[in-house]
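Structure file final_1.csv with CSV, C-alpha atoms (C1' of nucleotides):
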chain,number,residue,atom,x,y,z
A,1158,MET,CA,7.7,36.7,-22.5
A,1159,PRO,CA,5.7,36.2,-19.3
A,1160,THR,CA,2.6,34.1,-19.4
A,1161,ARG,CA,-0.3,33.6,-17.0
A,1162,PRO,CA,-0.3,30.2,-15.2
A,1163,ARG,CA,-3.1,28.0,-16.3
A,1164,THR,CA,-3.0,25.8,-13.2
A,1165,SER,CA,-1.7,25.6,-9.6
A,1166,THR,CA,-0.3,23.1,-7.2
A,1167,ALA,CA,-3.5,23.1,-5.2
A,1168,SER,CA,-5.7,22.2,-8.2
A,1169,ILE,CA,-3.2,19.5,-9.3
A,1170,VAL,CA,-3.4,17.9,-5.9
A,1171,ALA,CA,-7.2,18.1,-5.8
A,1172,ALA,CA,-7.4,16.6,-9.3
A,1173,ALA,CA,-5.0,13.8,-8.4
A,1174,ARG,CA,-6.9,13.0,-5.2
A,1175,HIS,CA,-10.1,12.8,-7.3
A,1176,ILE,CA,-8.6,10.5,-9.8
A,1177,LEU,CA,-7.1,8.3,-7.1
A,1178,GLU,CA,-10.4,8.0,-5.2
A,1179,THR,CA,-12.6,7.4,-8.2
A,1180,GLN,CA,-10.4,5.3,-10.5
A,1181,GLY,CA,-7.6,3.9,-8.3
A,1182,LEU,CA,-3.9,4.2,-8.0
A,1183,ASP,CA,-3.1,2.7,-11.4
A,1184,ALA,CA,-5.2,5.3,-13.1
A,1185,LEU,CA,-3.3,8.1,-11.4
A,1186,THR,CA,-0.9,8.9,-14.2
A,1187,MET,CA,0.8,12.2,-14.8
A,1188,HIS,CA,-1.0,12.4,-18.1
A,1189,ALA,CA,-4.4,11.8,-16.5
A,1190,VAL,CA,-3.7,14.5,-13.8
A,1191,ALA,CA,-2.6,16.9,-16.5
A,1192,ARG,CA,-5.6,16.4,-18.6
A,1193,ALA,CA,-7.9,16.9,-15.5
A,1194,VAL,CA,-6.4,20.3,-14.9
A,1195,GLY,CA,-6.4,21.3,-18.5
A,1196,VAL,CA,-2.7,21.1,-19.4
A,1197,ARG,CA,-0.3,18.7,-21.0
A,1198,GLY,CA,1.8,16.2,-19.0
A,1199,PRO,CA,5.2,18.0,-19.1
A,1200,SER,CA,3.7,21.2,-17.6
A,1201,LEU,CA,3.1,19.5,-14.3
A,1202,TYR,CA,6.8,19.4,-13.7
A,1203,LYS,CA,6.8,23.2,-13.3
A,1204,ARG,CA,4.8,22.7,-10.0
A,1205,VAL,CA,5.8,19.2,-8.9
A,1206,ARG,CA,9.3,17.7,-8.9
A,1207,ASP,CA,8.1,14.2,-9.9
A,1208,ARG,CA,5.3,11.6,-9.2
A,1209,SER,CA,6.8,10.8,-5.8
A,1210,GLU,CA,6.4,14.4,-4.7
A,1211,LEU,CA,2.8,14.5,-6.0
A,1212,MET,CA,2.1,11.4,-3.9
A,1213,ARG,CA,3.6,13.1,-0.9
A,1214,LEU,CA,1.5,16.2,-1.5
A,1215,ILE,CA,-1.6,14.0,-1.7
A,1216,ALA,CA,-0.8,12.3,1.6
A,1217,ASN,CA,-0.2,15.6,3.2
A,1218,ASP,CA,-3.5,16.9,2.0
A,1219,VAL,CA,-5.4,13.9,3.3
A,1220,PHE,CA,-3.7,14.0,6.6
A,1221,ARG,CA,-4.3,17.7,7.1
A,1222,GLN,CA,-8.0,17.3,6.3
A,1223,LEU,CA,-8.3,14.3,8.6
A,1224,GLY,CA,-6.7,16.4,11.4
A,1225,ALA,CA,-9.1,19.3,10.8
A,1226,ARG,CA,-12.1,16.9,11.0
A,1227,LEU,CA,-10.8,15.3,14.2
A,1228,ASP,CA,-10.3,18.8,15.6
A,1229,THR,CA,-14.0,19.6,15.3
A,1230,MET,CA,-14.9,16.5,17.2
A,1231,VAL,CA,-13.3,17.6,20.5
A,1232,GLN,CA,-16.1,19.6,22.1
A,1233,GLY,CA,-16.9,20.2,25.7
A,1234,GLN,CA,-17.9,16.6,26.4
A,1235,THR,CA,-16.4,14.2,28.9
A,1236,PRO,CA,-12.9,13.0,28.0
A,1237,ARG,CA,-14.3,9.6,27.3
A,1238,GLU,CA,-16.9,11.0,24.9
A,1239,ASP,CA,-14.1,13.0,23.1
A,1240,VAL,CA,-12.1,9.9,22.6
A,1241,ARG,CA,-15.0,7.9,21.3
A,1242,ALA,CA,-16.0,10.8,19.0
A,1243,ILE,CA,-12.4,11.0,17.6
A,1244,ALA,CA,-12.3,7.2,16.9
A,1245,CYS,CA,-15.7,7.3,15.1
A,1246,GLU,CA,-14.8,10.3,13.0
A,1247,TYR,CA,-11.5,8.8,12.2
A,1248,ARG,CA,-13.3,5.7,10.8
A,1249,ALA,CA,-15.9,7.8,9.0
A,1250,PHE,CA,-13.2,9.8,7.3
A,1251,ALA,CA,-11.3,6.7,6.2
A,1252,HIS,CA,-14.5,5.2,4.8
A,1253,ALA,CA,-15.2,8.4,2.9
A,1254,ASN,CA,-11.6,8.6,1.4
A,1255,PRO,CA,-10.5,4.9,1.3
A,1256,ARG,CA,-7.8,5.1,-1.3
A,1257,ALA,CA,-6.3,8.3,-0.1
A,1258,TYR,CA,-6.4,7.1,3.5
A,1259,ALA,CA,-4.6,3.9,2.4
A,1260,LEU,CA,-1.7,6.0,1.2
A,1261,LEU,CA,-1.0,7.4,4.7
A,1262,PHE,CA,0.4,4.3,6.3
A,1263,SER,CA,1.6,2.5,3.2
A,1264,PRO,CA,5.3,1.7,3.8
A,1265,VAL,CA,5.8,0.8,0.2
A,1266,PRO,CA,7.3,4.0,-1.0
A,1267,GLU,CA,9.8,5.6,1.4
A,1268,ASP,CA,9.7,9.2,0.2
A,1269,TRP,CA,6.0,10.2,0.2
A,1270,ARG,CA,5.7,10.5,3.9
A,1271,VAL,CA,3.5,13.2,5.6
A,1272,ASP,CA,5.3,16.2,7.0
A,1273,LEU,CA,6.3,15.9,10.6
A,1274,GLU,CA,4.5,19.1,11.5
A,1275,GLN,CA,1.2,17.7,10.4
A,1276,THR,CA,1.6,14.5,12.4
A,1277,GLN,CA,2.5,16.4,15.5
A,1278,ARG,CA,-0.6,18.5,15.2
A,1279,VAL,CA,-2.8,15.5,15.1
A,1280,SER,CA,-0.8,13.7,17.7
A,1281,ALA,CA,-1.1,16.6,20.1
A,1282,LEU,CA,-4.9,16.7,19.6
A,1283,LEU,CA,-5.1,13.0,20.4
A,1284,LEU,CA,-2.7,13.1,23.3
A,1285,ARG,CA,-4.7,15.9,25.0
A,1286,SER,CA,-7.9,13.9,25.1
A,1287,VAL,CA,-6.2,10.7,26.1
A,1288,ALA,CA,-4.2,12.3,28.8
A,1289,GLN,CA,-7.4,13.4,30.5
A,1290,LEU,CA,-8.3,9.7,30.9
A,1291,THR,CA,-4.9,8.3,31.8
A,1292,GLY,CA,-2.9,11.2,33.2
A,1293,GLU,CA,0.3,12.4,31.5
A,1294,ARG,CA,2.5,9.5,32.4
A,1295,ASP,CA,0.6,6.9,30.2
A,1296,ALA,CA,-0.8,9.3,27.6
A,1297,LEU,CA,1.7,8.3,24.9
A,1298,PRO,CA,1.4,4.5,25.0
A,1299,ALA,CA,-2.4,4.8,25.5
A,1300,ALA,CA,-2.8,7.1,22.5
A,1301,ARG,CA,-0.7,4.7,20.5
A,1302,MET,CA,-2.9,1.8,21.5
A,1303,LEU,CA,-6.0,3.7,20.5
A,1304,VAL,CA,-4.7,4.9,17.2
A,1305,ALA,CA,-3.1,1.5,16.4
A,1306,TRP,CA,-6.5,-0.2,17.0
A,1307,VAL,CA,-8.6,2.4,15.0
A,1308,HIS,CA,-6.1,2.4,12.1
A,1309,GLY,CA,-5.8,-1.4,12.1
A,1310,PHE,CA,-9.6,-1.8,12.2
A,1311,VAL,CA,-10.3,0.5,9.3
A,1312,SER,CA,-7.3,-0.7,7.3
A,1313,MET,CA,-8.6,-4.3,7.6
A,1314,GLU,CA,-12.2,-3.2,6.8
A,1315,LEU,CA,-11.1,-1.3,3.7
A,1316,ALA,CA,-8.9,-4.2,2.6
A,1317,GLY,CA,-11.9,-6.5,2.9
A,1318,ALA,CA,-10.1,-8.6,5.5
A,1319,PHE,CA,-13.1,-9.3,7.8
A,1320,ARG,CA,-14.3,-12.3,5.8
A,1321,LEU,CA,-15.9,-14.5,8.4
A,1322,GLY,CA,-19.3,-12.9,8.4
A,1323,GLY,CA,-20.6,-11.5,11.7
A,1324,ASP,CA,-21.5,-7.9,12.1
A,1325,VAL,CA,-18.6,-5.5,11.6
A,1326,GLU,CA,-20.4,-2.7,13.4
A,1327,VAL,CA,-20.8,-4.9,16.4
A,1328,ALA,CA,-17.1,-5.6,16.4
A,1329,PHE,CA,-16.3,-1.9,16.1
A,1330,ASP,CA,-18.5,-1.0,19.1
A,1331,TYR,CA,-17.3,-4.0,21.1
A,1332,ALA,CA,-13.7,-3.0,20.7
A,1333,LEU,CA,-14.2,0.8,21.0
A,1334,GLU,CA,-15.9,0.2,24.3
A,1335,ARG,CA,-13.1,-2.1,25.6
A,1336,VAL,CA,-10.2,0.0,24.3
A,1337,THR,CA,-11.5,3.2,25.9
A,1338,ALA,CA,-12.3,1.3,29.1
A,1339,ALA,CA,-8.8,-0.2,29.1
A,1340,ILE,CA,-7.3,3.3,28.7
A,1341,GLU,CA,-9.1,4.8,31.7
A,1342,ARG,CA,-8.5,1.9,33.9
A,1343,GLU,CA,-6.3,2.7,36.9
B,871,MET,CA,9.3,-30.8,-29.7
B,872,PRO,CA,9.0,-31.1,-25.8
B,873,THR,CA,11.5,-29.2,-23.7
B,874,ARG,CA,12.3,-29.4,-20.0
B,875,PRO,CA,11.1,-26.4,-17.9
B,876,ARG,CA,13.8,-24.2,-16.8
B,877,THR,CA,11.9,-22.7,-13.9
B,878,SER,CA,8.7,-23.2,-11.8
B,879,THR,CA,6.0,-21.1,-10.2
B,880,ALA,CA,7.4,-21.7,-6.8
B,881,SER,CA,10.9,-20.4,-7.7
B,882,ILE,CA,9.3,-17.4,-9.5
B,883,VAL,CA,7.3,-16.5,-6.3
B,884,ALA,CA,10.4,-17.0,-4.1
B,885,ALA,CA,12.5,-14.8,-6.4
B,886,ALA,CA,9.8,-12.1,-6.5
B,887,ARG,CA,9.5,-12.1,-2.7
B,888,HIS,CA,13.3,-11.7,-2.4
B,889,ILE,CA,13.4,-8.8,-4.8
B,890,LEU,CA,10.4,-7.1,-3.1
B,891,GLU,CA,12.0,-7.4,0.3
B,892,THR,CA,15.5,-6.4,-0.6
B,893,GLN,CA,14.8,-3.8,-3.3
B,894,GLY,CA,11.3,-2.6,-2.9
B,895,LEU,CA,8.1,-2.7,-4.9
B,896,ASP,CA,9.4,-0.5,-7.7
B,897,ALA,CA,12.2,-2.9,-8.4
B,898,LEU,CA,9.8,-5.8,-8.7
B,899,THR,CA,9.6,-5.8,-12.4
B,900,MET,CA,8.8,-8.8,-14.6
B,901,HIS,CA,12.2,-8.5,-16.1
B,902,ALA,CA,14.0,-8.5,-12.8
B,903,VAL,CA,12.1,-11.6,-11.6
B,904,ALA,CA,12.8,-13.4,-14.9
B,905,ARG,CA,16.5,-12.6,-14.6
B,906,ALA,CA,16.6,-13.9,-11.1
B,907,VAL,CA,15.2,-17.3,-12.1
B,908,GLY,CA,17.4,-17.5,-15.2
B,909,VAL,CA,14.9,-16.9,-17.9
B,910,ARG,CA,13.7,-14.0,-20.1
B,911,GLY,CA,10.7,-11.8,-19.4
B,912,PRO,CA,8.2,-13.3,-21.7
B,913,SER,CA,8.7,-16.8,-20.3
B,914,LEU,CA,7.2,-15.9,-17.0
B,915,TYR,CA,3.8,-15.7,-18.7
B,916,LYS,CA,3.8,-19.5,-19.1
B,917,ARG,CA,3.4,-19.8,-15.3
B,918,VAL,CA,1.7,-16.6,-14.3
B,919,ARG,CA,-1.1,-14.8,-16.0
B,920,ASP,CA,0.2,-11.3,-15.4
B,921,ARG,CA,1.8,-9.1,-12.8
B,922,SER,CA,-1.4,-8.9,-10.7
B,923,GLU,CA,-1.4,-12.7,-10.4
B,924,LEU,CA,2.2,-12.7,-9.4
B,925,MET,CA,1.3,-10.2,-6.6
B,926,ARG,CA,-1.5,-12.4,-5.4
B,927,LEU,CA,0.8,-15.4,-5.3
B,928,ILE,CA,3.3,-13.5,-3.2
B,929,ALA,CA,0.5,-12.3,-0.8
B,930,ASN,CA,-0.7,-15.9,-0.5
B,931,ASP,CA,2.8,-17.2,0.1
B,932,VAL,CA,3.4,-14.6,2.9
B,933,PHE,CA,0.1,-15.3,4.5
B,934,ARG,CA,0.5,-19.0,4.5
B,935,GLN,CA,3.9,-18.7,6.1
B,936,LEU,CA,2.6,-16.3,8.7
B,937,GLY,CA,-0.2,-18.8,9.5
B,938,ALA,CA,2.3,-21.6,9.9
B,939,ARG,CA,4.5,-19.5,12.2
B,940,LEU,CA,1.5,-18.6,14.4
B,941,ASP,CA,0.5,-22.3,14.5
B,942,THR,CA,3.7,-23.2,16.2
B,943,MET,CA,3.1,-20.6,18.9
B,944,VAL,CA,0.0,-22.3,20.3
B,945,GLN,CA,1.4,-24.8,22.7
B,946,GLY,CA,0.0,-26.1,25.9
B,947,GLN,CA,0.2,-22.8,27.8
B,948,THR,CA,-2.6,-20.9,29.4
B,949,PRO,CA,-5.0,-19.3,26.9
B,950,ARG,CA,-3.7,-15.9,27.8
B,951,GLU,CA,-0.1,-17.0,27.2
B,952,ASP,CA,-1.2,-18.3,23.8
B,953,VAL,CA,-2.8,-15.0,22.8
B,954,ARG,CA,0.3,-13.1,23.9
B,955,ALA,CA,2.6,-15.4,22.0
B,956,ILE,CA,0.5,-15.1,18.9
B,957,ALA,CA,0.6,-11.3,19.0
B,958,CYS,CA,4.4,-11.3,19.6
B,959,GLU,CA,5.1,-13.7,16.8
B,960,TYR,CA,2.8,-11.8,14.5
B,961,ARG,CA,4.8,-8.7,15.1
B,962,ALA,CA,8.1,-10.5,14.7
B,963,PHE,CA,7.0,-11.9,11.4
B,964,ALA,CA,6.0,-8.6,10.1
B,965,HIS,CA,9.3,-7.1,11.2
B,966,ALA,CA,11.2,-9.8,9.4
B,967,ASN,CA,9.1,-9.4,6.2
B,968,PRO,CA,8.0,-5.8,6.2
B,969,ARG,CA,7.4,-5.2,2.5
B,970,ALA,CA,5.7,-8.5,1.9
B,971,TYR,CA,3.6,-8.0,5.0
B,972,ALA,CA,2.5,-4.6,3.8
B,973,LEU,CA,1.1,-6.3,0.7
B,974,LEU,CA,-1.4,-8.2,2.8
B,975,PHE,CA,-3.7,-5.4,3.8
B,976,SER,CA,-3.0,-3.0,1.1
B,977,PRO,CA,-6.4,-2.1,-0.4
B,978,VAL,CA,-4.7,-0.4,-3.4
B,979,PRO,CA,-5.1,-3.3,-5.8
B,980,GLU,CA,-8.3,-5.1,-5.8
B,981,ASP,CA,-7.3,-8.4,-7.4
B,982,TRP,CA,-4.3,-9.6,-5.5
B,983,ARG,CA,-6.2,-10.7,-2.4
B,984,VAL,CA,-5.2,-13.8,-0.3
B,985,ASP,CA,-7.3,-16.9,-0.9
B,986,LEU,CA,-10.3,-17.3,1.4
B,987,GLU,CA,-9.1,-20.7,2.5
B,988,GLN,CA,-5.8,-19.3,3.9
B,989,THR,CA,-7.5,-16.5,5.8
B,990,GLN,CA,-10.0,-19.0,7.3
B,991,ARG,CA,-7.2,-21.2,8.5
B,992,VAL,CA,-5.5,-18.4,10.3
B,993,SER,CA,-8.8,-17.0,11.6
B,994,ALA,CA,-9.7,-20.4,13.1
B,995,LEU,CA,-6.4,-20.6,14.9
B,996,LEU,CA,-6.9,-17.2,16.4
B,997,LEU,CA,-10.6,-17.7,17.3
B,998,ARG,CA,-9.8,-21.0,19.1
B,999,SER,CA,-7.3,-19.2,21.4
B,1000,VAL,CA,-9.5,-16.2,21.9
B,1001,ALA,CA,-12.6,-18.2,22.6
B,1002,GLN,CA,-10.9,-19.8,25.6
B,1003,LEU,CA,-10.7,-16.3,27.1
B,1004,THR,CA,-14.1,-14.9,26.1
B,1005,GLY,CA,-16.3,-17.9,25.5
B,1006,GLU,CA,-17.8,-18.5,22.1
B,1007,ARG,CA,-20.3,-15.7,22.1
B,1008,ASP,CA,-17.7,-12.8,22.0
B,1009,ALA,CA,-14.9,-14.7,20.3
B,1010,LEU,CA,-15.4,-13.1,16.9
B,1011,PRO,CA,-15.4,-9.4,17.9
B,1012,ALA,CA,-12.7,-10.1,20.5
B,1013,ALA,CA,-10.4,-11.7,17.9
B,1014,ARG,CA,-11.1,-8.8,15.6
B,1015,MET,CA,-10.1,-6.3,18.3
B,1016,LEU,CA,-6.9,-8.2,18.9
B,1017,VAL,CA,-5.9,-8.6,15.3
B,1018,ALA,CA,-6.9,-5.0,14.4
B,1019,TRP,CA,-4.7,-3.7,17.1
B,1020,VAL,CA,-1.7,-5.9,16.3
B,1021,HIS,CA,-2.0,-5.2,12.6
B,1022,GLY,CA,-2.4,-1.5,13.2
B,1023,PHE,CA,0.5,-1.3,15.5
B,1024,VAL,CA,3.0,-3.1,13.2
B,1025,SER,CA,1.6,-1.3,10.2
B,1026,MET,CA,2.3,2.1,11.9
B,1027,GLU,CA,5.7,0.9,13.1
B,1028,LEU,CA,6.7,-0.2,9.6
B,1029,ALA,CA,5.4,3.0,8.1
B,1030,GLY,CA,7.5,5.0,10.5
B,1031,ALA,CA,4.3,6.6,12.0
B,1032,PHE,CA,5.4,6.6,15.6
B,1033,ARG,CA,7.4,9.8,15.4
B,1034,LEU,CA,7.0,11.4,18.9
B,1035,GLY,CA,9.8,9.6,20.5
B,1036,GLY,CA,9.1,7.5,23.5
B,1037,ASP,CA,9.8,3.8,23.7
B,1038,VAL,CA,7.9,1.8,21.1
B,1039,GLU,CA,8.5,-1.5,23.0
B,1040,VAL,CA,6.9,0.0,26.0
B,1041,ALA,CA,3.9,1.0,24.0
B,1042,PHE,CA,3.6,-2.5,22.6
B,1043,ASP,CA,3.8,-4.1,26.0
B,1044,TYR,CA,1.4,-1.6,27.5
B,1045,ALA,CA,-1.2,-2.2,24.8
B,1046,LEU,CA,-0.7,-6.0,24.6
B,1047,GLU,CA,-1.3,-6.2,28.4
B,1048,ARG,CA,-4.5,-4.1,28.2
B,1049,VAL,CA,-5.9,-5.6,25.1
B,1050,THR,CA,-5.6,-9.2,26.4
B,1051,ALA,CA,-7.0,-8.0,29.8
B,1052,ALA,CA,-9.9,-6.4,28.0
B,1053,ILE,CA,-10.6,-9.6,26.1
B,1054,GLU,CA,-10.8,-11.8,29.2
B,1055,ARG,CA,-12.8,-9.3,31.2
B,1056,GLU,CA,-16.2,-10.6,32.2
C,7,DA,C1',7.3,32.6,-17.2
C,8,DC,C1',4.8,29.1,-18.6
C,9,DC,C1',3.3,25.7,-22.0
C,10,DT,C1',4.1,22.2,-25.7
C,11,DG,C1',5.5,18.4,-29.0
C,12,DA,C1',9.0,15.4,-29.7
C,13,DA,C1',12.0,12.3,-27.9
C,14,DC,C1',14.1,8.7,-24.6
C,15,DA,C1',14.3,5.0,-21.4
C,16,DC,C1',11.6,1.7,-19.2
C,17,DC,C1',7.9,-1.5,-18.4
C,18,DG,C1',4.0,-5.1,-19.1
C,19,DT,C1',2.5,-8.0,-22.5
C,20,DT,C1',1.8,-10.5,-27.0
C,21,DC,C1',3.3,-13.4,-30.6
C,22,DA,C1',5.6,-15.6,-34.4
C,23,DA,C1',9.6,-18.2,-34.8
C,24,DG,C1',13.0,-21.3,-32.8
C,25,DT,C1',14.4,-25.9,-30.3
D,389,DA,C1',6.2,-27.9,-24.5
D,390,DC,C1',9.0,-24.3,-23.4
D,391,DC,C1',11.9,-20.4,-24.5
D,392,DT,C1',13.2,-16.2,-27.1
D,393,DG,C1',13.8,-11.6,-29.8
D,394,DA,C1',11.1,-8.4,-31.8
D,395,DA,C1',7.4,-5.5,-31.4
D,396,DC,C1',3.6,-2.5,-29.3
D,397,DA,C1',1.3,0.4,-26.2
D,398,DC,C1',2.0,3.0,-22.2
D,399,DC,C1',4.3,5.7,-18.7
D,400,DG,C1',7.6,9.1,-16.3
D,401,DT,C1',10.6,12.5,-17.5
D,402,DT,C1',13.6,15.9,-20.2
D,403,DC,C1',14.3,19.6,-23.2
D,404,DA,C1',14.5,22.7,-27.0
D,405,DA,C1',11.3,25.6,-29.2
D,406,DG,C1',7.3,28.4,-29.0
D,407,DT,C1',4.3,32.4,-26.9

Using structure tokens, write down the structure from this file.
Amino acid sequence: MPTRPRTSTASIVAAARHILETQGLDALTMHAVARAVGVRGPSLYKRVRDRSELMRLIANDVFRQLGARLDTMVQGQTPREDVRAIACEYRAFAHANPRAYALLFSPVPEDWRVDLEQTQRVSALLLRSVAQLTGERDALPAARMLVAWVHGFVSMELAGAFRLGGDVEVAFDYALERVTAAIERE
Amino acid sequence: MPTRPRTSTASIVAAARHILETQGLDALTMHAVARAVGVRGPSLYKRVRDRSELMRLIANDVFRQLGARLDTMVQGQTPREDVRAIACEYRAFAHANPRAYALLFSPVPEDWRVDLEQTQRVSALLLRSVAQLTGERDALPAARMLVAWVHGFVSMELAGAFRLGGDVEVAFDYALERVTAAIERE
DNA sequence: ACCTGAACACCGTTCAAGT
DNA sequence: ACCTGAACACCGTTCAAGT
């Protein structure tokens, strides 16, 4: 006899992200997610193949949201201002979602990687702004330099790897200035 | 009655690193480590408080080895050559130990962080070379820019995040050239 | 159709018992 | 002193039975 669904994939992912962010990866059990959406553990398997797929769905969700946020940062400013705004917003997003962000470039599990379509959307956005500084020829390596630096910086920040004191804000501004300048150098 | 130890912390860490690198984090169970060193699971708890501490010991071991490798790269070359050599060796080490490397800046678990002493040793090494390019005043932010970029680059490489084709070697050389140039710029 | 309790295999960890 | 089997709690996952 048909029954009305009591949950959905979207609310499962949302609940999982909330648990991850507030309680950490160890607390992200199938049971905890099920309880958060008002259902028992086994019911999750109607929507999600297994825990790995749930992790991939979370990563996708975070990445999509990050892309949307970066999109809103590209306004009619100078290309250099666009690039700076993208980098700052990228960092702010990672700070606001540290544990979910950490999932994105974690090579530990092979199978929960973000969909190619999502990465291409964000890449295109970045390439467009960078290309205005470098021209088409160097756009790809230049964009890779920029994103590698931003990702590396926030990744180290979030891991607590800047342990020598000094002002981390100063270090961010210092490098953002130099990286953008290096990109637009002839 | 006294008994001779059948294993040691050092061999436990070595076995754990080997399992991690060859079979992945999921395969790194206490049972698997115990079997690799010729003992039963519970015996590990004589040397290691719990799995978290084992993880911290692994991270420490990797970081110490990375520091030693970078140390050998600083020879009597120009400061710029030193910085380039450090970056290239850093990358090569991460490629040779991808899963163990990924542990170093993984913010996921709070308690398996590398000892402060180790990080200061590696930081001092890097600061010394960078300071020769920038002077003391900018050495800290400049070193943070360099290490953030290298870490971000290999982290993305290892995560398979460069998915738009193009030559990744070209992108590395492009950015290494520009980052070192940006550092030594007046 | 969807949900559930019961069950299974596996894992980290403890501990009393062995040498 | 160190090692072990047995045991416990917990987790991911499956499945037959319920509505």

Which residues of chain C sit at most 9 Å from chain A, using all atoms listed in the file? Give each one's shortest atom pair and distance in Å (one decimal place), in chain and ascending residue order, as JSON lines.
{"residue": "C:DA7", "atom": "C1'", "partner": "A:Pro1159", "partner_atom": "CA", "distance": 4.5}
{"residue": "C:DC8", "atom": "C1'", "partner": "A:Thr1160", "partner_atom": "CA", "distance": 5.5}
{"residue": "C:DC9", "atom": "C1'", "partner": "A:Ser1200", "partner_atom": "CA", "distance": 6.3}
{"residue": "C:DT10", "atom": "C1'", "partner": "A:Arg1197", "partner_atom": "CA", "distance": 7.3}

For the interface of chain A with chain B (cut-off 8 Å, counting only C-alpha atoms), please tabulate each contacting residue of chain A alongside its nearest pair of atoms and their separation in Å to one decimal, rows sorted by chain and increasing number, as CSV.
residue,atom,partner,partner_atom,distance
A:Gly1181,CA,B:Val978,CA,7.1
A:Leu1182,CA,B:Val978,CA,6.6
A:Arg1256,CA,B:Val978,CA,6.7
A:Ala1259,CA,B:Pro977,CA,6.9
A:Phe1262,CA,B:Ala1029,CA,5.5
A:Ser1263,CA,B:Ala1029,CA,6.2
A:Pro1264,CA,B:Ala1029,CA,4.5
A:Val1265,CA,B:Leu895,CA,6.6
A:Pro1266,CA,B:Leu895,CA,7.8
A:Leu1273,CA,B:Arg1033,CA,7.8
A:Gln1277,CA,B:Leu1034,CA,7.5
A:Leu1297,CA,B:Gly1036,CA,7.6
A:Pro1298,CA,B:Ala1041,CA,4.4
A:Ala1299,CA,B:Ala1045,CA,7.1
A:Arg1301,CA,B:Ala1041,CA,6.9
A:Met1302,CA,B:Ala1045,CA,5.5
A:Val1304,CA,B:Gly1022,CA,7.9
A:Ala1305,CA,B:Gly1022,CA,4.4
A:Trp1306,CA,B:Trp1019,CA,3.9
A:Val1307,CA,B:Trp1019,CA,7.5
A:His1308,CA,B:Gly1022,CA,5.5
A:Gly1309,CA,B:Gly1022,CA,3.6
A:Phe1310,CA,B:Ala1018,CA,4.7
A:Ser1312,CA,B:Phe975,CA,6.9
A:Met1313,CA,B:Phe975,CA,6.3
A:Leu1315,CA,B:Pro977,CA,6.3
A:Ala1316,CA,B:Pro977,CA,4.4
A:Gly1317,CA,B:Pro977,CA,7.8
A:Ala1318,CA,B:Phe975,CA,7.4
A:Arg1320,CA,B:Leu986,CA,7.8
A:Leu1321,CA,B:Gln990,CA,7.5
A:Gly1323,CA,B:Leu1010,CA,7.5
A:Val1327,CA,B:Pro1011,CA,7.2
A:Ala1328,CA,B:Pro1011,CA,4.4
A:Phe1329,CA,B:Pro1011,CA,7.8
A:Tyr1331,CA,B:Pro1011,CA,6.6
A:Ala1332,CA,B:Met1015,CA,5.4
A:Arg1335,CA,B:Ala1052,CA,5.9
A:Val1336,CA,B:Val1049,CA,7.1
A:Ala1339,CA,B:Arg1048,CA,5.9
A:Ile1340,CA,B:Arg1048,CA,7.9

| request: Record the distance separating CA of Leu936 in chain B and CA of Arg950 in chain B, expressed in Å with one decimal. | output: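 These atoms are spaced 20.1 Å apart.
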
| request: Find, counting only C-alpha atoms, the residue in A:Glu1178, A:Trp1269, A:Gln1234, A:His1252 that gets nearest to Gln1289 in chain A. | output: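 Using only C-alpha atoms, Gln1289 in chain A sits closest to A:Gln1234.
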
| CA of Ala897 in chain B and CA of Ile882 in chain B, how far apart in Å? | 14.8 Å

| message | Taking all atoms listed in the file into account, name the residue in B:Ala885, B:Thr892, B:Leu940, B:Ser922 that is nearest to Glu959 in chain B. | response |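 Looking at the shortest contact to Glu959 in chain B, the residue is B:Leu940.
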
| When you draw a straight line from C1' of DA394 in chain D to C1' of DT20 in chain C, how long is it in Å? |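 So the two atoms, C1' of DA394 in chain D and C1' of DT20 in chain C, lie 10.7 Å apart.
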
| message | I need the residue nearest Ala884 in chain B from this list: B:Asp941, B:Glu987, B:Asp931, B:Glu951. Use only C-alpha atoms for the distance. | response |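 The shortest atom-to-atom distance to Ala884 in chain B comes from B:Asp931.
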
| field | Residues near Val903 in chain B, cut-off 7 Å, only C-alpha atoms (C1' of nucleotides), skip fewer than 3 positions along chain, as a list in words | value |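 Neighbouring residues, sequence-local ones excluded: Ile882, Ala885, Ala886, Leu898, Thr899, Met900, Ala906 and Val907 of chain B.
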
| request: Identify, on the basis of only C-alpha atoms (C1' of nucleotides), every residue whose closest approach to Ala938 in chain B does not exceed 12 Å; exclude the query and any residue fewer than 4 positions from it along the same chain; express the result as a list in words. | output: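 My reading of the contact set: Asp931, Val932, Phe933, Arg934, Thr942, Met943, Val944, Ile956, Glu959, Tyr960, Phe963, Gln988, Thr989, Arg991, Val992 and Leu995 of chain B.
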
Selected residues, C-alpha atoms, written as a short mmCIF file (atom, residue, chain, number, x, y, z; two decimals), in the coordinates of the input, please.
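Output below, filename result.cif:
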data_model
loop_
_atom_site.label_atom_id
_atom_site.label_comp_id
_atom_site.auth_asym_id
_atom_site.auth_seq_id
_atom_site.Cartn_x
_atom_site.Cartn_y
_atom_site.Cartn_z
CA ASP B 931 2.80 -17.20 0.10
CA VAL B 932 3.40 -14.60 2.90
CA PHE B 933 0.10 -15.30 4.50
CA ARG B 934 0.50 -19.00 4.50
CA THR B 942 3.70 -23.20 16.20
CA MET B 943 3.10 -20.60 18.90
CA VAL B 944 0.00 -22.30 20.30
CA ILE B 956 0.50 -15.10 18.90
CA GLU B 959 5.10 -13.70 16.80
CA TYR B 960 2.80 -11.80 14.50
CA PHE B 963 7.00 -11.90 11.40
CA GLN B 988 -5.80 -19.30 3.90
CA THR B 989 -7.50 -16.50 5.80
CA ARG B 991 -7.20 -21.20 8.50
CA VAL B 992 -5.50 -18.40 10.30
CA LEU B 995 -6.40 -20.60 14.90
#
